[in-house]
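S.K.: PDB, C-alpha atoms, saved as entry_32.pdb, coming up:
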```
MODEL        1
ATOM      1  CA  MET Y   1       0.000   0.000   0.000
ATOM      2  CA  VAL Y   2       1.106   3.592  -0.603
ATOM      3  CA  PRO Y   3       1.332   5.719   2.563
ATOM      4  CA  THR Y   4       0.302   9.373   2.753
ATOM      5  CA  PHE Y   5       2.580  11.683   4.711
ATOM      6  CA  ILE Y   6       1.321  14.577   6.830
ATOM      7  CA  ARG Y   7       2.859  17.635   5.196
ATOM      8  CA  ASP Y   8       2.050  20.566   2.980
ATOM      9  CA  TYR Y   9       2.110  19.846  -0.777
ATOM     10  CA  PRO Y  10       3.150  23.187  -2.363
ATOM     11  CA  GLU Y  11       4.240  21.444  -5.570
ATOM     12  CA  TRP Y  12       0.552  20.639  -6.056
ATOM     13  CA  HIS Y  13      -1.337  23.707  -4.826
ATOM     14  CA  PHE Y  14       1.175  26.502  -5.702
ATOM     15  CA  GLY Y  15      -0.285  28.589  -2.877
ATOM     16  CA  ARG Y  16      -3.879  28.132  -4.034
ATOM     17  CA  GLN Y  17      -6.382  27.268  -1.331
ATOM     18  CA  ASN Y  18      -9.822  25.969  -2.315
ATOM     19  CA  TYR Y  19     -10.016  22.698  -4.263
ATOM     20  CA  ALA Y  20     -13.476  22.269  -5.777
ATOM     21  CA  LEU Y  21     -15.571  19.232  -6.605
ATOM     22  CA  TRP Y  22     -19.112  18.007  -7.079
ATOM     23  CA  TYR Y  23     -20.062  15.387  -4.511
ATOM     24  CA  LEU Y  24     -22.916  13.577  -2.799
ATOM     25  CA  GLU Y  25     -23.348  14.189   0.912
ATOM     26  CA  ILE Y  26     -23.894  11.265   3.292
ATOM     27  CA  ASN Y  27     -26.429  12.508   5.849
ATOM     28  CA  ASP Y  28     -28.188   9.263   6.836
ATOM     29  CA  GLN Y  29     -27.194   8.755  10.484
ATOM     30  CA  LYS Y  30     -27.432   4.955  10.278
ATOM     31  CA  VAL Y  31     -24.988   4.965   7.369
ATOM     32  CA  VAL Y  32     -22.670   7.422   9.174
ATOM     33  CA  ASP Y  33     -22.691   5.176  12.284
ATOM     34  CA  TYR Y  34     -21.859   2.151  10.104
ATOM     35  CA  LEU Y  35     -18.964   3.973   8.420
ATOM     36  CA  ASP Y  36     -17.704   5.170  11.809
ATOM     37  CA  ALA Y  37     -17.684   1.551  13.034
ATOM     38  CA  LEU Y  38     -15.682   0.500   9.984
ATOM     39  CA  ARG Y  39     -13.154   3.256  10.662
ATOM     40  CA  VAL Y  40     -12.735   1.994  14.208
ATOM     41  CA  HIS Y  41     -12.125  -1.561  12.938
ATOM     42  CA  PHE Y  42      -9.352  -0.342  10.616
ATOM     43  CA  SER Y  43      -8.077   2.500  12.813
ATOM     44  CA  GLU Y  44      -4.593   1.013  13.263
ATOM     45  CA  PHE Y  45      -3.940   1.510   9.527
ATOM     46  CA  LEU Y  46      -5.561   4.873   8.853
ATOM     47  CA  LEU Y  47      -3.984   8.316   8.899
ATOM     48  CA  GLU Y  48      -5.199  10.788  11.527
ATOM     49  CA  PRO Y  49      -6.479  13.425  11.948
ATOM     50  CA  ASN Y  50      -9.340  13.023   9.496
ATOM     51  CA  SER Y  51     -12.151  15.578   9.694
ATOM     52  CA  ARG Y  52     -13.496  15.138   6.152
ATOM     53  CA  GLN Y  53     -17.170  14.253   6.033
ATOM     54  CA  TYR Y  54     -18.223  11.012   4.396
ATOM     55  CA  HIS Y  55     -19.152  11.684   0.782
ATOM     56  CA  ILE Y  56     -19.188  10.236  -2.725
ATOM     57  CA  THR Y  57     -17.012  12.219  -5.113
ATOM     58  CA  LEU Y  58     -18.916  12.879  -8.320
ATOM     59  CA  PHE Y  59     -16.612  15.115 -10.381
ATOM     60  CA  ILE Y  60     -13.267  16.743  -9.535
ATOM     61  CA  CYS Y  61     -13.087  20.322 -10.810
ATOM     62  CA  GLY Y  62      -9.811  21.784  -9.509
ATOM     63  CA  PHE Y  63      -8.678  24.943  -7.739
ATOM     64  CA  LEU Y  64     -11.479  27.472  -7.512
ATOM     65  CA  THR Y  65     -10.726  30.871  -9.018
ATOM     66  CA  HIS Y  66     -12.710  34.030  -9.740
ATOM     67  CA  GLU Y  67     -10.408  34.839 -12.640
ATOM     68  CA  THR Y  68      -9.230  33.213 -15.843
ATOM     69  CA  ARG Y  69      -7.261  29.983 -15.672
ATOM     70  CA  ILE Y  70      -3.525  30.265 -14.950
ATOM     71  CA  TYR Y  71      -2.808  26.620 -14.213
ATOM     72  CA  SER Y  72      -4.345  23.647 -16.021
ATOM     73  CA  ASP Y  73      -6.138  22.586 -12.837
ATOM     74  CA  ASP Y  74      -7.777  25.973 -12.175
ATOM     75  CA  PHE Y  75     -11.575  26.071 -12.271
ATOM     76  CA  SER Y  76     -13.565  29.290 -12.521
ATOM     77  CA  LEU Y  77     -16.897  30.169 -10.961
ATOM     78  CA  SER Y  78     -18.219  30.902 -14.448
ATOM     79  CA  GLU Y  79     -17.489  27.284 -15.404
ATOM     80  CA  PHE Y  80     -19.362  26.176 -12.298
ATOM     81  CA  GLU Y  81     -22.352  28.287 -13.374
ATOM     82  CA  GLN Y  82     -22.278  26.648 -16.803
ATOM     83  CA  GLN Y  83     -22.255  23.190 -15.246
ATOM     84  CA  ARG Y  84     -25.081  24.153 -12.915
ATOM     85  CA  GLU Y  85     -27.240  25.417 -15.789
ATOM     86  CA  ILE Y  86     -26.683  22.210 -17.749
ATOM     87  CA  LEU Y  87     -27.740  20.086 -14.781
ATOM     88  CA  ILE Y  88     -30.824  22.240 -14.168
ATOM     89  CA  LYS Y  89     -31.812  21.892 -17.811
ATOM     90  CA  GLU Y  90     -31.279  18.128 -17.691
ATOM     91  CA  ASP Y  91     -33.597  17.936 -14.642
ATOM     92  CA  PHE Y  92     -32.321  14.698 -13.111
ATOM     93  CA  ALA Y  93     -34.745  13.014 -10.717
ATOM     94  CA  PRO Y  94     -33.801  11.884  -7.198
ATOM     95  CA  PHE Y  95     -32.213   8.436  -7.201
ATOM     96  CA  HIS Y  96     -31.024   5.630  -4.937
ATOM     97  CA  LEU Y  97     -27.583   4.101  -4.384
ATOM     98  CA  LYS Y  98     -26.571   1.041  -2.383
ATOM     99  CA  ILE Y  99     -23.649   0.674   0.004
ATOM    100  CA  GLY Y 100     -21.398  -2.191  -1.062
ATOM    101  CA  ALA Y 101     -18.415  -4.053   0.376
ATOM    102  CA  VAL Y 102     -15.234  -2.710   1.956
ATOM    103  CA  ASP Y 103     -12.362  -2.597  -0.536
ATOM    104  CA  SER Y 104      -8.978  -0.954  -0.993
ATOM    105  CA  PHE Y 105      -7.136   1.299  -3.404
ATOM    106  CA  SER Y 106      -3.353   1.389  -3.171
ATOM    107  CA  SER Y 107      -3.534   4.519  -0.983
ATOM    108  CA  ALA Y 108      -6.945   4.363   0.714
ATOM    109  CA  LEU Y 109      -9.577   2.130   2.255
ATOM    110  CA  PHE Y 110     -13.102   2.598   0.916
ATOM    111  CA  VAL Y 111     -16.643   1.277   0.694
ATOM    112  CA  GLN Y 112     -18.031   0.404  -2.721
ATOM    113  CA  ILE Y 113     -21.116   2.162  -4.087
ATOM    114  CA  GLN Y 114     -23.525   0.260  -6.312
ATOM    115  CA  GLU Y 115     -25.926   1.837  -8.793
ATOM    116  CA  SER Y 116     -28.377   0.215 -11.155
ATOM    117  CA  GLN Y 117     -29.317   3.021 -13.568
ATOM    118  CA  ASN Y 118     -25.886   4.400 -14.522
ATOM    119  CA  ILE Y 119     -27.074   7.744 -13.182
ATOM    120  CA  LEU Y 120     -23.681   8.868 -11.851
ATOM    121  CA  SER Y 121     -22.041   8.365 -15.251
ATOM    122  CA  ARG Y 122     -24.818  10.348 -16.916
ATOM    123  CA  ILE Y 123     -24.374  13.256 -14.518
ATOM    124  CA  ARG Y 124     -20.594  13.129 -14.947
ATOM    125  CA  GLN Y 125     -20.967  13.187 -18.730
ATOM    126  CA  LYS Y 126     -22.997  16.392 -18.522
ATOM    127  CA  LEU Y 127     -20.481  18.027 -16.179
ATOM    128  CA  GLY Y 128     -17.679  17.026 -18.537
ATOM    129  CA  THR Y 129     -19.186  18.943 -21.443
ATOM    130  CA  VAL Y 130     -18.028  22.164 -19.758
ATOM    131  CA  PHE Y 131     -14.699  21.133 -18.263
ATOM    132  CA  ASN Y 132     -12.441  18.100 -18.502
ATOM    133  CA  GLU Y 133     -12.215  16.456 -15.102
ATOM    134  CA  ILE Y 134      -8.910  16.857 -13.262
ATOM    135  CA  ALA Y 135      -6.842  13.661 -13.035
ATOM    136  CA  ALA Y 136      -9.710  11.622 -14.436
ATOM    137  CA  LEU Y 137      -9.149   7.881 -14.107
ATOM    138  CA  ASP Y 138     -11.676   5.102 -14.495
ATOM    139  CA  TYR Y 139     -14.506   6.350 -12.301
ATOM    140  CA  CYS Y 140     -15.229   4.151  -9.291
ATOM    141  CA  PRO Y 141     -17.978   5.541  -7.034
ATOM    142  CA  HIS Y 142     -17.011   5.002  -3.401
ATOM    143  CA  ILE Y 143     -16.908   6.409   0.117
ATOM    144  CA  THR Y 144     -13.361   6.824   1.414
ATOM    145  CA  LEU Y 145     -12.806   5.568   4.963
ATOM    146  CA  GLY Y 146      -9.262   6.851   5.225
ATOM    147  CA  LEU Y 147      -5.745   7.058   3.826
ATOM    148  CA  TYR Y 148      -3.043   4.592   4.826
ATOM    149  CA  LYS Y 149      -0.382   5.904   7.204
ATOM    150  CA  LYS Y 150       2.258   3.262   6.391
ATOM    151  CA  ASP Y 151       3.293   0.939   3.579
ATOM    152  CA  TYR Y 152       1.190  -2.056   4.575
ATOM    153  CA  SER Y 153       1.047  -5.267   2.574
ATOM    154  CA  SER Y 154      -2.152  -5.858   0.632
ATOM    155  CA  ASP Y 155      -2.437  -9.273   2.313
ATOM    156  CA  LEU Y 156      -2.541  -7.602   5.727
ATOM    157  CA  ILE Y 157      -5.365  -5.276   4.670
ATOM    158  CA  LEU Y 158      -7.310  -8.094   3.012
ATOM    159  CA  ARG Y 159      -6.941 -10.178   6.163
ATOM    160  CA  LYS Y 160      -8.332  -7.326   8.244
ATOM    161  CA  ILE Y 161     -11.262  -6.973   5.820
ATOM    162  CA  SER Y 162     -11.974 -10.710   6.169
ATOM    163  CA  GLN Y 163     -12.072 -10.266   9.965
ATOM    164  CA  LEU Y 164     -14.970  -7.821   9.839
ATOM    165  CA  PRO Y 165     -17.890  -8.843  12.083
ATOM    166  CA  VAL Y 166     -20.709 -10.543  10.192
ATOM    167  CA  GLN Y 167     -23.095  -7.616  10.627
ATOM    168  CA  TYR Y 168     -20.612  -5.338   8.822
ATOM    169  CA  LYS Y 169     -19.838  -7.791   6.023
ATOM    170  CA  HIS Y 170     -23.476  -8.129   5.065
ATOM    171  CA  ALA Y 171     -24.789  -4.675   5.952
ATOM    172  CA  GLU Y 172     -27.357  -3.411   3.460
ATOM    173  CA  PHE Y 173     -27.934   0.310   3.266
ATOM    174  CA  GLU Y 174     -29.630   2.363   0.585
ATOM    175  CA  LEU Y 175     -28.966   6.050   0.082
ATOM    176  CA  LYS Y 176     -31.642   8.335  -1.316
ATOM    177  CA  ILE Y 177     -29.938  11.147  -3.217
ATOM    178  CA  GLU Y 178     -32.095  14.276  -3.463
ATOM    179  CA  HIS Y 179     -29.435  16.880  -4.177
ATOM    180  CA  LEU Y 180     -25.932  17.300  -5.578
ATOM    181  CA  THR Y 181     -23.391  19.463  -3.766
ATOM    182  CA  PHE Y 182     -20.712  21.713  -5.220
ATOM    183  CA  GLY Y 183     -18.079  22.540  -2.638
ATOM    184  CA  TYR Y 184     -14.417  22.588  -1.807
ATOM    185  CA  TYR Y 185     -11.770  21.692   0.733
ATOM    186  CA  GLN Y 186      -8.682  23.623   1.770
ATOM    187  CA  ALA Y 187      -5.664  22.223  -0.032
ATOM    188  CA  GLN Y 188      -3.241  22.938   2.812
ATOM    189  CA  THR Y 189      -5.271  20.829   5.279
ATOM    190  CA  LEU Y 190      -4.805  17.107   4.716
ATOM    191  CA  GLN Y 191      -8.140  15.279   5.091
ATOM    192  CA  GLY Y 192      -9.750  18.589   6.084
ATOM    193  CA  LYS Y 193     -13.436  19.452   6.076
ATOM    194  CA  LEU Y 194     -15.591  19.805   2.989
ATOM    195  CA  TYR Y 195     -17.272  23.196   2.659
ATOM    196  CA  PRO Y 196     -20.487  23.147   0.611
ATOM    197  CA  TYR Y 197     -20.783  26.137  -1.725
ATOM    198  CA  GLN Y 198     -24.140  25.349  -3.311
ATOM    199  CA  HIS Y 199     -26.711  22.558  -3.374
ATOM    200  CA  LEU Y 200     -28.529  21.564  -6.555
ATOM    201  CA  PHE Y 201     -31.822  19.898  -5.695
ATOM    202  CA  LEU Y 202     -33.056  17.166  -8.015
ATOM    203  CA  GLY Y 203     -36.501  16.975  -9.579
ATOM    204  CA  ASP Y 204     -39.230  17.886  -7.120
ATOM    205  CA  SER Y 205     -36.956  17.718  -4.053
ATOM    206  CA  CYS Y 206     -37.596  20.552  -1.641
ATOM    207  CA  CYS Y 207     -35.104  23.435  -1.607
ATOM    208  CA  ASN Y 208     -34.564  24.561   1.987
TER     209      ASN Y 208
ENDMDL
END
```
Translate this structure into structure tokens?
M.R.:
Amino acid sequence: MVPTFIRDYPEWHFGRQNYALWYLEINDQKVVDYLDALRVHFSEFLLEPNSRQYHITLFICGFLTHETRIYSDDFSLSEFEQQREILIKEDFAPFHLKIGAVDSFSSALFVQIQESQNILSRIRQKLGTVFNEIAALDYCPHITLGLYKKDYSSDLILRKISQLPVQYKHAEFELKIEHLTFGYYQAQTLQGKLYPYQHLFLGDSCCN
């Protein structure tokens, strides 16, 4: 596994602060409690502190700017407005996602997200008509539990996954998604909080 080190990363942010993305908030308390329990089970491997809220990343935009792009990973508020208008015009309806199994990337532990209608890919395609996603790899919807703090063997992590209590291995949760969130985190704070900038409510969902 690839460890993450607690330090500033100036070679990435170049002094810029707010890194923007579209994401899905996880507000269901039963799901949050379940994810918290998973974090406890794997706590010996995960980097702390971690104050980032549970979420599903939908589309990575880049460093938020009010001006024209200087770096390739800058993202302007005008581009956000264009994306927002496209999504409003498309008028996506609320949808459901299912929580899947615990799994691992090389640098992070996560929980799989299952969808049946390909809705996330459709939303991402619309967002991508305005702006090419930053560092876009094969999209894998997931909820990150944490980053690894050391170079653990994959066998060790898989063994720990296999030791999960039965109720966690076969937990079945469904998420009802009624809004998308555009927000950002502060690049200088590793695993820092997400700050919502605007919510986009889907279909007939109520706008509070």
S.K.: Do you know which residues the PyMOL selection byres ((chain Y and resi 113) around 12) returns on this file, as an MDAnalysis selection string?
M.R.: chainID Y and resid 24 55:58 96:103 110:112 114:116 118 120 139:144 172:175
S.K.: Convert the output of the PyMOL selection byres ((chain Y and resi 83) around 10) on the shown file into explicit residues, formatted as a PDB file with C-alpha atoms, keeping the file's coordinate frame.
M.R.:
```
ATOM      1  CA  LEU Y  77     -16.897  30.169 -10.961  1.00  0.00           C
ATOM      2  CA  SER Y  78     -18.219  30.902 -14.448  1.00  0.00           C
ATOM      3  CA  GLU Y  79     -17.489  27.284 -15.404  1.00  0.00           C
ATOM      4  CA  PHE Y  80     -19.362  26.176 -12.298  1.00  0.00           C
ATOM      5  CA  GLU Y  81     -22.352  28.287 -13.374  1.00  0.00           C
ATOM      6  CA  GLN Y  82     -22.278  26.648 -16.803  1.00  0.00           C
ATOM      7  CA  ARG Y  84     -25.081  24.153 -12.915  1.00  0.00           C
ATOM      8  CA  GLU Y  85     -27.240  25.417 -15.789  1.00  0.00           C
ATOM      9  CA  ILE Y  86     -26.683  22.210 -17.749  1.00  0.00           C
ATOM     10  CA  LEU Y  87     -27.740  20.086 -14.781  1.00  0.00           C
ATOM     11  CA  ILE Y  88     -30.824  22.240 -14.168  1.00  0.00           C
ATOM     12  CA  LYS Y  89     -31.812  21.892 -17.811  1.00  0.00           C
ATOM     13  CA  LYS Y 126     -22.997  16.392 -18.522  1.00  0.00           C
ATOM     14  CA  LEU Y 127     -20.481  18.027 -16.179  1.00  0.00           C
ATOM     15  CA  GLY Y 128     -17.679  17.026 -18.537  1.00  0.00           C
ATOM     16  CA  THR Y 129     -19.186  18.943 -21.443  1.00  0.00           C
ATOM     17  CA  VAL Y 130     -18.028  22.164 -19.758  1.00  0.00           C
ATOM     18  CA  PHE Y 131     -14.699  21.133 -18.263  1.00  0.00           C
TER      19      PHE Y 131
END
```
S.K.: Identify which of the residues Y:Leu21, Y:Val166, Y:Leu46, Y:Val40 lies closest to Gly146 in chain Y, counting all atoms listed in the file when measuring atom-to-atom distances.
M.R.: Y:Leu46
S.K.: Which distance in Å separates CA of Leu156 in chain Y and CA of Phe5 in chain Y, to one decimal?
M.R.: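 Computed distance, CA of Leu156 in chain Y to CA of Phe5 in chain Y, equals 20.0 Å.
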S.K.: Starting from the PyMOL selection byres ((chain Y and resi 186) around 10), expand the selection into actual residues of this file and give them as a list in words.
M.R.: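 With the shown file as input, the PyMOL selection byres ((chain Y and resi 186) around 10) matches His13, Arg16, Gln17, Asn18, Tyr19, Ala20, Phe63, Tyr184, Tyr185, Ala187, Gln188, Thr189, Leu190, Gln191, Gly192, Lys193, Leu194 and Tyr195 of chain Y.
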S.K.: Neighbourhood query: residues within 6 Å of (-3.4, 7.1, 2.6), file coordinates, counting only C-alpha atoms; return as a PyMOL selection string.
M.R.: chain Y and resi 3-4+107-108+147-149
S.K.: Name the closest residue to Ser106 in chain Y among the candidates Y:Ile157, Y:Ile70, Y:Ala37, Y:Ile60; distances are taken between atoms, counting only C-alpha atoms.
M.R.: Y:Ile157
S.K.: Using Å and a single decimal, report how far CA of Asp36 in chain Y sits from CA of Asp155 in chain Y.
M.R.: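 Interatomic distance, CA of Asp155 in chain Y to CA of Asp36 in chain Y: 23.1 Å.
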S.K.: Rounded to one decimal place, report the CA of Trp22 in chain Y-CA of Arg124 in chain Y distance in Å.
M.R.: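 Between CA of Trp22 in chain Y and CA of Arg124 in chain Y the gap is 9.4 Å.
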S.K.: Find the residue from Y:Val2, Y:Leu38, Y:Leu164, Y:Val31 that sits nearest to Phe105 in chain Y; use all atoms listed in the file when measuring.
M.R.: Y:Val2
